[in-house]
>>> print(open('upload_38.cif').read())   # mmCIF, C-alpha atoms
data_data
#
loop_
_atom_site.group_PDB
_atom_site.id
_atom_site.type_symbol
_atom_site.label_atom_id
_atom_site.label_comp_id
_atom_site.auth_asym_id
_atom_site.auth_seq_id
_atom_site.Cartn_x
_atom_site.Cartn_y
_atom_site.Cartn_z
ATOM 1 C CA MET A 1 40.069 44.307 12.323
ATOM 2 C CA THR A 2 40.080 46.260 15.567
ATOM 3 C CA GLN A 3 43.660 45.139 16.218
ATOM 4 C CA VAL A 4 44.746 46.335 12.764
ATOM 5 C CA LEU A 5 42.905 49.661 13.176
ATOM 6 C CA GLU A 6 44.792 50.227 16.407
ATOM 7 C CA GLU A 7 48.183 49.134 15.059
ATOM 8 C CA HIS A 8 47.808 51.330 11.964
ATOM 9 C CA HIS A 9 46.812 54.351 14.076
ATOM 10 C CA PHE A 10 43.650 54.684 12.015
ATOM 11 C CA PRO A 11 41.902 58.018 12.744
ATOM 12 C CA VAL A 12 38.964 56.612 14.710
ATOM 13 C CA GLY A 13 36.590 59.171 16.165
ATOM 14 C CA GLU A 14 34.076 56.616 17.398
ATOM 15 C CA LEU A 15 34.404 52.850 17.115
ATOM 16 C CA ARG A 16 30.966 51.273 16.939
ATOM 17 C CA LEU A 17 30.944 47.486 17.302
ATOM 18 C CA LEU A 18 27.854 45.810 15.838
ATOM 19 C CA ALA A 19 26.891 42.157 16.111
ATOM 20 C CA SER A 20 23.931 39.848 16.626
ATOM 21 C CA ALA A 21 21.609 40.187 19.606
ATOM 22 C CA ARG A 22 23.372 37.362 21.463
ATOM 23 C CA SER A 23 26.650 39.350 21.471
ATOM 24 C CA ALA A 24 25.099 42.693 22.419
ATOM 25 C CA GLY A 25 26.323 43.885 25.804
ATOM 26 C CA LYS A 26 29.719 42.261 25.579
ATOM 27 C CA SER A 27 32.779 44.446 25.143
ATOM 28 C CA LEU A 28 36.061 44.323 23.254
ATOM 29 C CA PRO A 29 39.329 46.172 23.924
ATOM 30 C CA PHE A 30 40.359 49.051 21.696
ATOM 31 C CA ALA A 31 42.940 51.777 22.342
ATOM 32 C CA GLU A 32 43.124 50.975 26.088
ATOM 33 C CA ASN A 33 39.331 51.132 26.404
ATOM 34 C CA GLN A 34 36.557 48.584 26.537
ATOM 35 C CA VAL A 35 34.070 49.210 23.724
ATOM 36 C CA PRO A 36 30.552 47.791 24.162
ATOM 37 C CA VAL A 37 29.013 45.668 21.426
ATOM 38 C CA ARG A 38 25.662 46.857 20.113
ATOM 39 C CA GLU A 39 22.997 44.914 18.268
ATOM 40 C CA LEU A 40 23.107 45.257 14.499
ATOM 41 C CA THR A 41 19.918 46.942 13.286
ATOM 42 C CA PRO A 42 18.996 48.763 10.053
ATOM 43 C CA ASP A 43 19.388 52.168 11.737
ATOM 44 C CA ALA A 44 22.713 51.376 13.461
ATOM 45 C CA PHE A 45 24.821 53.246 10.883
ATOM 46 C CA ALA A 46 23.638 56.792 11.530
ATOM 47 C CA GLY A 47 26.668 59.092 11.753
ATOM 48 C CA ILE A 48 29.142 56.407 10.657
ATOM 49 C CA ASP A 49 31.611 57.234 7.856
ATOM 50 C CA ILE A 50 33.041 53.769 7.202
ATOM 51 C CA ALA A 51 31.661 50.319 8.049
ATOM 52 C CA LEU A 52 33.914 47.265 7.924
ATOM 53 C CA PHE A 53 31.638 44.255 7.389
ATOM 54 C CA SER A 54 32.776 40.728 8.238
ATOM 55 C CA ALA A 55 29.662 38.809 9.223
ATOM 56 C CA GLY A 56 29.052 36.667 6.150
ATOM 57 C CA ALA A 57 27.302 37.172 2.835
ATOM 58 C CA THR A 58 23.756 36.863 4.164
ATOM 59 C CA VAL A 59 24.223 39.627 6.731
ATOM 60 C CA SER A 60 26.063 41.797 4.203
ATOM 61 C CA ARG A 61 23.291 41.526 1.625
ATOM 62 C CA GLU A 62 20.696 42.498 4.217
ATOM 63 C CA PHE A 63 22.469 45.324 6.046
ATOM 64 C CA ALA A 64 24.932 46.876 3.583
ATOM 65 C CA PRO A 65 22.120 48.671 1.703
ATOM 66 C CA HIS A 66 20.952 50.208 5.014
ATOM 67 C CA ALA A 67 24.491 51.467 5.650
ATOM 68 C CA VAL A 68 24.784 52.942 2.161
ATOM 69 C CA ARG A 69 21.465 54.756 2.568
ATOM 70 C CA ALA A 70 22.845 56.260 5.796
ATOM 71 C CA GLY A 71 25.778 57.698 3.835
ATOM 72 C CA THR A 72 28.269 55.106 5.069
ATOM 73 C CA LEU A 73 31.012 53.613 2.917
ATOM 74 C CA VAL A 74 30.852 49.826 3.258
ATOM 75 C CA VAL A 75 34.032 47.755 2.939
ATOM 76 C CA ASP A 76 32.643 44.229 2.804
ATOM 77 C CA ASN A 77 34.749 41.184 3.609
ATOM 78 C CA SER A 78 32.174 38.602 2.470
ATOM 79 C CA SER A 79 31.562 37.119 -0.983
ATOM 80 C CA ALA A 80 28.238 38.963 -1.321
ATOM 81 C CA PHE A 81 29.263 41.694 -3.761
ATOM 82 C CA ARG A 82 32.688 40.711 -5.073
ATOM 83 C CA LEU A 83 31.676 39.924 -8.628
ATOM 84 C CA ASP A 84 28.806 42.422 -8.891
ATOM 85 C CA ASP A 85 29.081 44.957 -11.672
ATOM 86 C CA GLY A 86 29.611 48.417 -10.229
ATOM 87 C CA VAL A 87 31.202 47.126 -7.005
ATOM 88 C CA PRO A 88 34.990 47.585 -6.946
ATOM 89 C CA LEU A 89 36.974 44.545 -5.834
ATOM 90 C CA VAL A 90 40.118 46.048 -4.389
ATOM 91 C CA VAL A 91 43.629 45.162 -3.316
ATOM 92 C CA PRO A 92 45.276 48.581 -2.803
ATOM 93 C CA GLU A 93 48.713 47.465 -4.040
ATOM 94 C CA VAL A 94 47.098 46.316 -7.305
ATOM 95 C CA ASN A 95 44.092 48.496 -8.209
ATOM 96 C CA ARG A 96 43.928 51.425 -5.782
ATOM 97 C CA ALA A 97 42.180 53.661 -8.330
ATOM 98 C CA ASP A 98 39.111 51.406 -8.262
ATOM 99 C CA ILE A 99 38.427 52.533 -4.674
ATOM 100 C CA PHE A 100 37.157 55.852 -5.966
ATOM 101 C CA ARG A 101 34.687 54.281 -8.393
ATOM 102 C CA HIS A 102 32.462 52.916 -5.659
ATOM 103 C CA ARG A 103 28.714 53.460 -5.284
ATOM 104 C CA GLY A 104 28.733 52.945 -1.547
ATOM 105 C CA ILE A 105 30.212 49.435 -1.374
ATOM 106 C CA ILE A 106 33.779 48.221 -1.906
ATOM 107 C CA ALA A 107 34.387 44.471 -1.804
ATOM 108 C CA ASN A 108 37.336 42.864 -0.052
ATOM 109 C CA PRO A 109 38.559 39.857 -2.103
ATOM 110 C CA ASN A 110 38.994 36.266 -1.018
ATOM 111 C CA CYS A 111 42.081 35.701 1.143
ATOM 112 C CA SER A 112 43.833 33.374 -1.317
ATOM 113 C CA THR A 113 43.241 35.744 -4.203
ATOM 114 C CA ILE A 114 44.587 38.770 -2.330
ATOM 115 C CA GLN A 115 48.041 37.387 -1.611
ATOM 116 C CA MET A 116 48.405 35.951 -5.108
ATOM 117 C CA VAL A 117 47.563 39.171 -6.979
ATOM 118 C CA VAL A 118 49.884 41.234 -4.761
ATOM 119 C CA ALA A 119 52.714 38.982 -5.945
ATOM 120 C CA LEU A 120 51.521 38.843 -9.556
ATOM 121 C CA LYS A 121 50.987 42.564 -10.122
ATOM 122 C CA PRO A 122 54.670 43.628 -10.540
ATOM 123 C CA LEU A 123 55.269 40.666 -12.859
ATOM 124 C CA HIS A 124 52.154 41.388 -14.918
ATOM 125 C CA ASP A 125 53.376 44.959 -15.374
ATOM 126 C CA LEU A 126 56.660 43.636 -16.782
ATOM 127 C CA TRP A 127 55.598 40.825 -19.070
ATOM 128 C CA LYS A 128 51.756 40.548 -19.128
ATOM 129 C CA ILE A 129 50.393 37.324 -17.683
ATOM 130 C CA ARG A 130 48.869 34.801 -20.063
ATOM 131 C CA ARG A 131 48.072 31.958 -17.643
ATOM 132 C CA VAL A 132 48.296 31.143 -13.935
ATOM 133 C CA VAL A 133 48.189 27.683 -12.351
ATOM 134 C CA VAL A 134 47.969 27.809 -8.562
ATOM 135 C CA ALA A 135 47.746 25.204 -5.823
ATOM 136 C CA THR A 136 46.928 26.558 -2.372
ATOM 137 C CA TYR A 137 47.865 25.239 1.071
ATOM 138 C CA GLN A 138 45.235 26.934 3.244
ATOM 139 C CA SER A 139 45.303 27.019 7.044
ATOM 140 C CA VAL A 140 42.363 26.079 9.233
ATOM 141 C CA THR A 141 41.777 29.657 10.421
ATOM 142 C CA GLY A 142 40.448 30.284 6.930
ATOM 143 C CA ALA A 143 37.520 28.092 7.937
ATOM 144 C CA GLY A 144 36.810 30.070 11.098
ATOM 145 C CA LYS A 145 36.750 29.147 14.753
ATOM 146 C CA LYS A 146 35.154 25.745 14.136
ATOM 147 C CA GLY A 147 38.006 24.731 11.847
ATOM 148 C CA LEU A 148 40.622 25.740 14.395
ATOM 149 C CA THR A 149 38.799 23.925 17.186
ATOM 150 C CA GLN A 150 38.498 20.743 15.141
ATOM 151 C CA LEU A 151 42.245 20.709 14.461
ATOM 152 C CA GLU A 152 43.102 21.350 18.107
ATOM 153 C CA ASP A 153 40.737 18.619 19.325
ATOM 154 C CA GLU A 154 42.109 16.084 16.846
ATOM 155 C CA ILE A 155 45.747 16.849 17.663
ATOM 156 C CA ALA A 156 44.992 16.482 21.380
ATOM 157 C CA GLN A 157 43.001 13.302 20.632
ATOM 158 C CA ARG A 158 39.966 14.783 22.379
ATOM 159 C CA PRO A 159 36.364 14.104 21.378
ATOM 160 C CA ALA A 160 35.465 16.641 18.712
ATOM 161 C CA THR A 161 33.578 19.633 20.109
ATOM 162 C CA GLN A 162 33.340 21.264 16.656
ATOM 163 C CA LYS A 163 33.154 19.602 13.254
ATOM 164 C CA LYS A 164 33.921 21.906 10.331
ATOM 165 C CA PHE A 165 35.560 19.630 7.785
ATOM 166 C CA PRO A 166 34.129 16.474 6.160
ATOM 167 C CA HIS A 167 37.188 14.466 7.245
ATOM 168 C CA ARG A 168 39.834 14.726 9.934
ATOM 169 C CA ILE A 169 42.266 17.559 9.319
ATOM 170 C CA ALA A 170 45.010 16.713 11.851
ATOM 171 C CA PHE A 171 47.950 15.013 10.078
ATOM 172 C CA ASN A 172 45.874 15.048 6.888
ATOM 173 C CA ILE A 173 45.307 17.157 3.777
ATOM 174 C CA LEU A 174 41.887 17.862 2.270
ATOM 175 C CA PRO A 175 41.653 18.737 -1.443
ATOM 176 C CA GLN A 176 38.423 20.626 -0.770
ATOM 177 C CA VAL A 177 37.903 24.233 0.320
ATOM 178 C CA ASP A 178 34.192 25.142 0.311
ATOM 179 C CA VAL A 179 31.529 23.299 -1.697
ATOM 180 C CA PHE A 180 31.884 21.509 -5.038
ATOM 181 C CA PHE A 181 30.238 22.635 -8.261
ATOM 182 C CA ASP A 182 28.928 20.249 -10.931
ATOM 183 C CA ASP A 183 32.112 20.631 -12.995
ATOM 184 C CA GLY A 184 34.266 19.299 -10.141
ATOM 185 C CA THR A 185 35.713 22.649 -9.085
ATOM 186 C CA THR A 186 35.063 24.207 -5.693
ATOM 187 C CA LYS A 187 33.602 27.578 -4.812
ATOM 188 C CA GLU A 188 37.009 28.681 -3.488
ATOM 189 C CA GLU A 189 38.661 27.796 -6.791
ATOM 190 C CA HIS A 190 35.977 29.683 -8.714
ATOM 191 C CA LYS A 191 36.622 32.749 -6.539
ATOM 192 C CA MET A 192 40.331 32.702 -7.345
ATOM 193 C CA VAL A 193 39.662 32.462 -11.074
ATOM 194 C CA GLU A 194 37.079 35.213 -11.401
ATOM 195 C CA GLU A 195 38.411 37.576 -8.724
ATOM 196 C CA THR A 196 41.916 37.558 -10.198
ATOM 197 C CA LYS A 197 40.599 38.721 -13.568
ATOM 198 C CA LYS A 198 38.507 41.484 -11.997
ATOM 199 C CA ILE A 199 41.233 42.822 -9.692
ATOM 200 C CA MET A 200 43.919 42.719 -12.383
ATOM 201 C CA GLY A 201 41.519 44.361 -14.837
ATOM 202 C CA ASP A 202 42.289 41.758 -17.501
ATOM 203 C CA SER A 203 39.682 39.167 -18.456
ATOM 204 C CA SER A 204 42.145 37.468 -20.813
ATOM 205 C CA ILE A 205 44.196 36.022 -17.942
ATOM 206 C CA ARG A 206 43.524 32.298 -17.637
ATOM 207 C CA VAL A 207 43.580 30.882 -14.103
ATOM 208 C CA SER A 208 43.501 27.257 -12.981
ATOM 209 C CA ALA A 209 43.274 26.721 -9.216
ATOM 210 C CA THR A 210 43.351 23.751 -6.870
ATOM 211 C CA CYS A 211 42.561 24.768 -3.297
ATOM 212 C CA VAL A 212 43.679 22.539 -0.435
ATOM 213 C CA ARG A 213 43.192 22.668 3.340
ATOM 214 C CA VAL A 214 46.255 21.764 5.424
ATOM 215 C CA PRO A 215 46.689 21.236 9.197
ATOM 216 C CA VAL A 216 48.312 24.633 9.827
ATOM 217 C CA TRP A 217 46.910 27.089 12.382
ATOM 218 C CA GLY A 218 47.362 30.266 10.395
ATOM 219 C CA GLY A 219 48.860 31.528 7.143
ATOM 220 C CA HIS A 220 48.058 30.449 3.608
ATOM 221 C CA SER A 221 50.723 29.244 1.181
ATOM 222 C CA GLU A 222 50.511 28.995 -2.598
ATOM 223 C CA ALA A 223 52.557 27.330 -5.315
ATOM 224 C CA VAL A 224 52.054 29.644 -8.299
ATOM 225 C CA ASN A 225 53.054 28.883 -11.879
ATOM 226 C CA VAL A 226 52.858 31.877 -14.231
ATOM 227 C CA GLU A 227 53.148 31.955 -18.015
ATOM 228 C CA PHE A 228 53.794 35.345 -19.649
ATOM 229 C CA GLU A 229 53.298 36.793 -23.124
ATOM 230 C CA LYS A 230 56.817 38.278 -23.167
ATOM 231 C CA PRO A 231 60.217 36.755 -22.316
ATOM 232 C CA CYS A 232 60.922 36.813 -18.576
ATOM 233 C CA ASN A 233 63.945 36.248 -16.372
ATOM 234 C CA VAL A 234 64.508 35.457 -12.719
ATOM 235 C CA ASP A 235 66.738 38.426 -11.850
ATOM 236 C CA GLN A 236 64.187 40.951 -13.110
ATOM 237 C CA ALA A 237 61.417 39.102 -11.336
ATOM 238 C CA ARG A 238 63.272 39.145 -8.033
ATOM 239 C CA SER A 239 64.097 42.829 -8.423
ATOM 240 C CA ALA A 240 60.487 43.724 -9.232
ATOM 241 C CA LEU A 241 59.148 41.703 -6.318
ATOM 242 C CA ALA A 242 61.710 43.119 -3.883
ATOM 243 C CA SER A 243 60.580 46.672 -4.681
ATOM 244 C CA ALA A 244 56.851 45.965 -4.974
ATOM 245 C CA PRO A 245 54.550 47.495 -2.333
ATOM 246 C CA GLY A 246 53.375 45.004 0.266
ATOM 247 C CA VAL A 247 55.847 42.303 -0.791
ATOM 248 C CA ILE A 248 58.833 40.904 1.089
ATOM 249 C CA LEU A 249 61.180 38.737 -0.972
ATOM 250 C CA ARG A 250 62.686 35.807 0.923
ATOM 251 C CA ASP A 251 64.548 33.853 -1.689
ATOM 252 C CA ASP A 252 67.899 32.285 -0.833
ATOM 253 C CA PRO A 253 67.387 28.566 -1.448
ATOM 254 C CA GLY A 254 71.015 27.727 -0.761
ATOM 255 C CA ALA A 255 70.523 28.893 2.820
ATOM 256 C CA SER A 256 67.035 27.380 3.064
ATOM 257 C CA VAL A 257 65.494 30.864 3.104
ATOM 258 C CA TYR A 258 61.936 30.912 1.772
ATOM 259 C CA PRO A 259 58.548 32.033 3.078
ATOM 260 C CA MET A 260 56.720 29.890 5.628
ATOM 261 C CA PRO A 261 53.338 30.414 7.278
ATOM 262 C CA VAL A 262 54.880 30.253 10.749
ATOM 263 C CA ASP A 263 56.838 33.427 9.918
ATOM 264 C CA ALA A 264 53.962 35.205 8.147
ATOM 265 C CA TRP A 265 51.569 34.664 11.050
ATOM 266 C CA ASP A 266 50.273 37.927 12.562
ATOM 267 C CA THR A 267 52.066 40.120 10.010
ATOM 268 C CA ASP A 268 50.780 42.204 7.093
ATOM 269 C CA PRO A 269 53.119 41.596 4.112
ATOM 270 C CA VAL A 270 52.924 39.051 1.324
ATOM 271 C CA TYR A 271 56.096 36.941 1.279
ATOM 272 C CA VAL A 272 57.512 35.522 -1.963
ATOM 273 C CA GLY A 273 60.315 33.039 -2.582
ATOM 274 C CA ARG A 274 61.386 30.013 -4.647
ATOM 275 C CA VAL A 275 61.434 32.250 -7.740
ATOM 276 C CA ARG A 276 62.649 30.133 -10.641
ATOM 277 C CA LEU A 277 62.128 29.564 -14.344
ATOM 278 C CA ASP A 278 59.599 27.075 -15.644
ATOM 279 C CA PRO A 279 61.500 25.288 -18.446
ATOM 280 C CA THR A 280 58.346 23.663 -19.861
ATOM 281 C CA VAL A 281 57.021 26.862 -21.470
ATOM 282 C CA PRO A 282 58.714 29.611 -23.524
ATOM 283 C CA SER A 283 58.230 32.235 -20.792
ATOM 284 C CA GLY A 284 57.249 31.044 -17.326
ATOM 285 C CA LEU A 285 58.087 31.348 -13.648
ATOM 286 C CA ASN A 286 57.335 29.428 -10.482
ATOM 287 C CA LEU A 287 56.746 31.268 -7.191
ATOM 288 C CA TRP A 288 56.005 30.363 -3.589
ATOM 289 C CA VAL A 289 53.670 32.916 -1.977
ATOM 290 C CA VAL A 290 52.753 33.089 1.733
ATOM 291 C CA ALA A 291 50.650 35.502 3.800
ATOM 292 C CA ASP A 292 48.572 35.631 6.954
ATOM 293 C CA ASN A 293 45.049 34.949 5.725
ATOM 294 C CA LEU A 294 43.446 36.816 8.634
ATOM 295 C CA ARG A 295 45.658 39.886 8.210
ATOM 296 C CA LYS A 296 46.502 40.717 4.577
ATOM 297 C CA GLY A 297 43.961 38.136 3.450
ATOM 298 C CA ALA A 298 41.142 39.885 5.288
ATOM 299 C CA ALA A 299 41.429 42.508 8.048
ATOM 300 C CA THR A 300 44.526 44.378 6.891
ATOM 301 C CA ASN A 301 43.340 44.649 3.299
ATOM 302 C CA ALA A 302 39.982 46.043 4.451
ATOM 303 C CA VAL A 303 41.652 48.630 6.676
ATOM 304 C CA GLN A 304 44.058 49.573 3.863
ATOM 305 C CA ILE A 305 41.083 50.219 1.575
ATOM 306 C CA ALA A 306 39.609 52.534 4.196
ATOM 307 C CA GLU A 307 42.973 54.276 4.648
ATOM 308 C CA GLU A 308 43.332 54.887 0.931
ATOM 309 C CA TRP A 309 39.771 56.186 0.704
ATOM 310 C CA ILE A 310 40.510 58.698 3.474
ATOM 311 C CA LYS A 311 43.667 59.861 1.692
ATOM 312 C CA GLY A 312 41.666 60.493 -1.450
ATOM 313 C CA GLN A 313 39.059 62.719 0.201
#
>>> encode(input="upload_38.cif", output="structure tokens")
Amino acid sequence: MTQVLEEHHFPVGELRLLASARSAGKSLPFAENQVPVRELTPDAFAGIDIALFSAGATVSREFAPHAVRAGTLVVDNSSAFRLDDGVPLVVPEVNRADIFRHRGIIANPNCSTIQMVVALKPLHDLWKIRRVVVATYQSVTGAGKKGLTQLEDEIAQRPATQKKFPHRIAFNILPQVDVFFDDGTTKEEHKMVEETKKIMGDSSIRVSATCVRVPVWGGHSEAVNVEFEKPCNVDQARSALASAPGVILRDDPGASVYPMPVDAWDTDPVYVGRVRLDPTVPSGLNLWVVADNLRKGAATNAVQIAEEWIKGQ
């Protein structure tokens, strides 16, 4: 988040870094300075306009209300408030207007949901989406530092210093992201279903998701099948995607040009390719969607929300 703030030339008067007591006293670089980390306390938000939260749902539930009472706008990157009534769930390229309906908290969606809805929005505007079937290929950075360390240890054939996943991830694929529910779906899949409907502002959209962890350092990929209510065509889809905000179309299969996580890593856009008709339904398309899960899937989207809020003041 601090890297994105700096790269976007965000108008920072004071950057206040807040963390747990064990991190207090450390410092992080920002704008050619070293900024000290302070302990997060209920009164730490005095004089702060915007707080970017990314410390997990438990911390957000405890401290976001303190920030709101201090007059701070909270942009929360956890799952704590995403599906709460009265809390906007925002991807600026999709539902920017919802930013200005907040009551002190704006939720940042799940990383996999963000990149998918950025790609779906221009197509939904053309033909109205009836149903989405998505399979994700999610990198280990989506599971945090422990996930990355486990992959690195296993590739190097070192004894595991961190164990994040229930099975080995190196040279393997795990059809599980987060915990399972009684119906056999995972929490990650549930997020994609419900968050998509809320962000798109259309509860009639049906979403079926299978979320998978793959041994990739960074960047999530998604195979997305979309069925529309109106007749669609590939040329219009490509044109709409090419001109959509936040989207880069990479779609020249004859030259093996398509999005890959290695190219999306450490960049902000959502990349789309492999656009083609689905011949099994009257009006359907297949897409391949890739983005950096730590950038557009998290930090960049949060900063963009803050930027849009500033513009609207």
>>> resolve_selection(input="upload_38.cif", expression="the PyMOL selection byres ((chain A and resi 257-264) around 10)", output="number ranges by chain")
A: 137-139, 216-221, 248-256, 265-275, 288-293, 295-296
>>> closest_atom_pairs(input="upload_38.cif", of="region 233-267 of chain A", to="region 88-101 of chain A", cutoff="9 Å", atoms="all atoms listed in the file", output="CSV")
residue,atom,partner,partner_atom,distance
A:Ala244,CA,A:Glu93,CA,8.3
A:Pro245,CA,A:Glu93,CA,6.1
A:Gly246,CA,A:Glu93,CA,6.8
>>> atom_distance(input="upload_38.cif", atom1="CA of Ile169 (chain A)", atom2="CA of Met116 (chain A)")
24.2 Å
>>> closest_residue(input="upload_38.cif", among="A:Lys198, A:Asn225, A:Ile48, A:Gln3", to="Val87 (chain A)", atoms="only C-alpha atoms")
A:Lys198
>>> resolve_selection(input="upload_38.cif", expression="the PyMOL selection byres ((chain A and resi 200) around 10)", output="JSON, numbers by chain")
{"A": [89, 90, 91, 94, 95, 117, 118, 120, 121, 124, 129, 195, 196, 197, 198, 199, 201, 202, 203, 205]}
>>> closest_residue(input="upload_38.cif", among="A:Pro42, A:Val75, A:Ala21, A:Asp182", to="Ala306 (chain A)", atoms="all atoms listed in the file")
A:Val75
>>> resolve_selection(input="upload_38.cif", expression="the PyMOL selection byres ((chain A and resi 45) around 9)", output="compact mmCIF listing (two decimals) with C-alpha atoms, in the frame of the given file")
# COMPACT_ATOMS: atom_id res chain seq x y z
CA ARG A 16 30.97 51.27 16.94
CA LEU A 40 23.11 45.26 14.50
CA THR A 41 19.92 46.94 13.29
CA PRO A 42 19.00 48.76 10.05
CA ASP A 43 19.39 52.17 11.74
CA ALA A 44 22.71 51.38 13.46
CA ALA A 46 23.64 56.79 11.53
CA GLY A 47 26.67 59.09 11.75
CA ILE A 48 29.14 56.41 10.66
CA ASP A 49 31.61 57.23 7.86
CA ALA A 51 31.66 50.32 8.05
CA HIS A 66 20.95 50.21 5.01
CA ALA A 67 24.49 51.47 5.65
CA VAL A 68 24.78 52.94 2.16
CA ALA A 70 22.84 56.26 5.80
CA GLY A 71 25.78 57.70 3.84
CA THR A 72 28.27 55.11 5.07
>>> closest_residue(input="upload_38.cif", among="A:Phe171, A:Phe228, A:Trp309, A:Phe10", to="Lys128 (chain A)", atoms="all atoms listed in the file")
A:Phe228
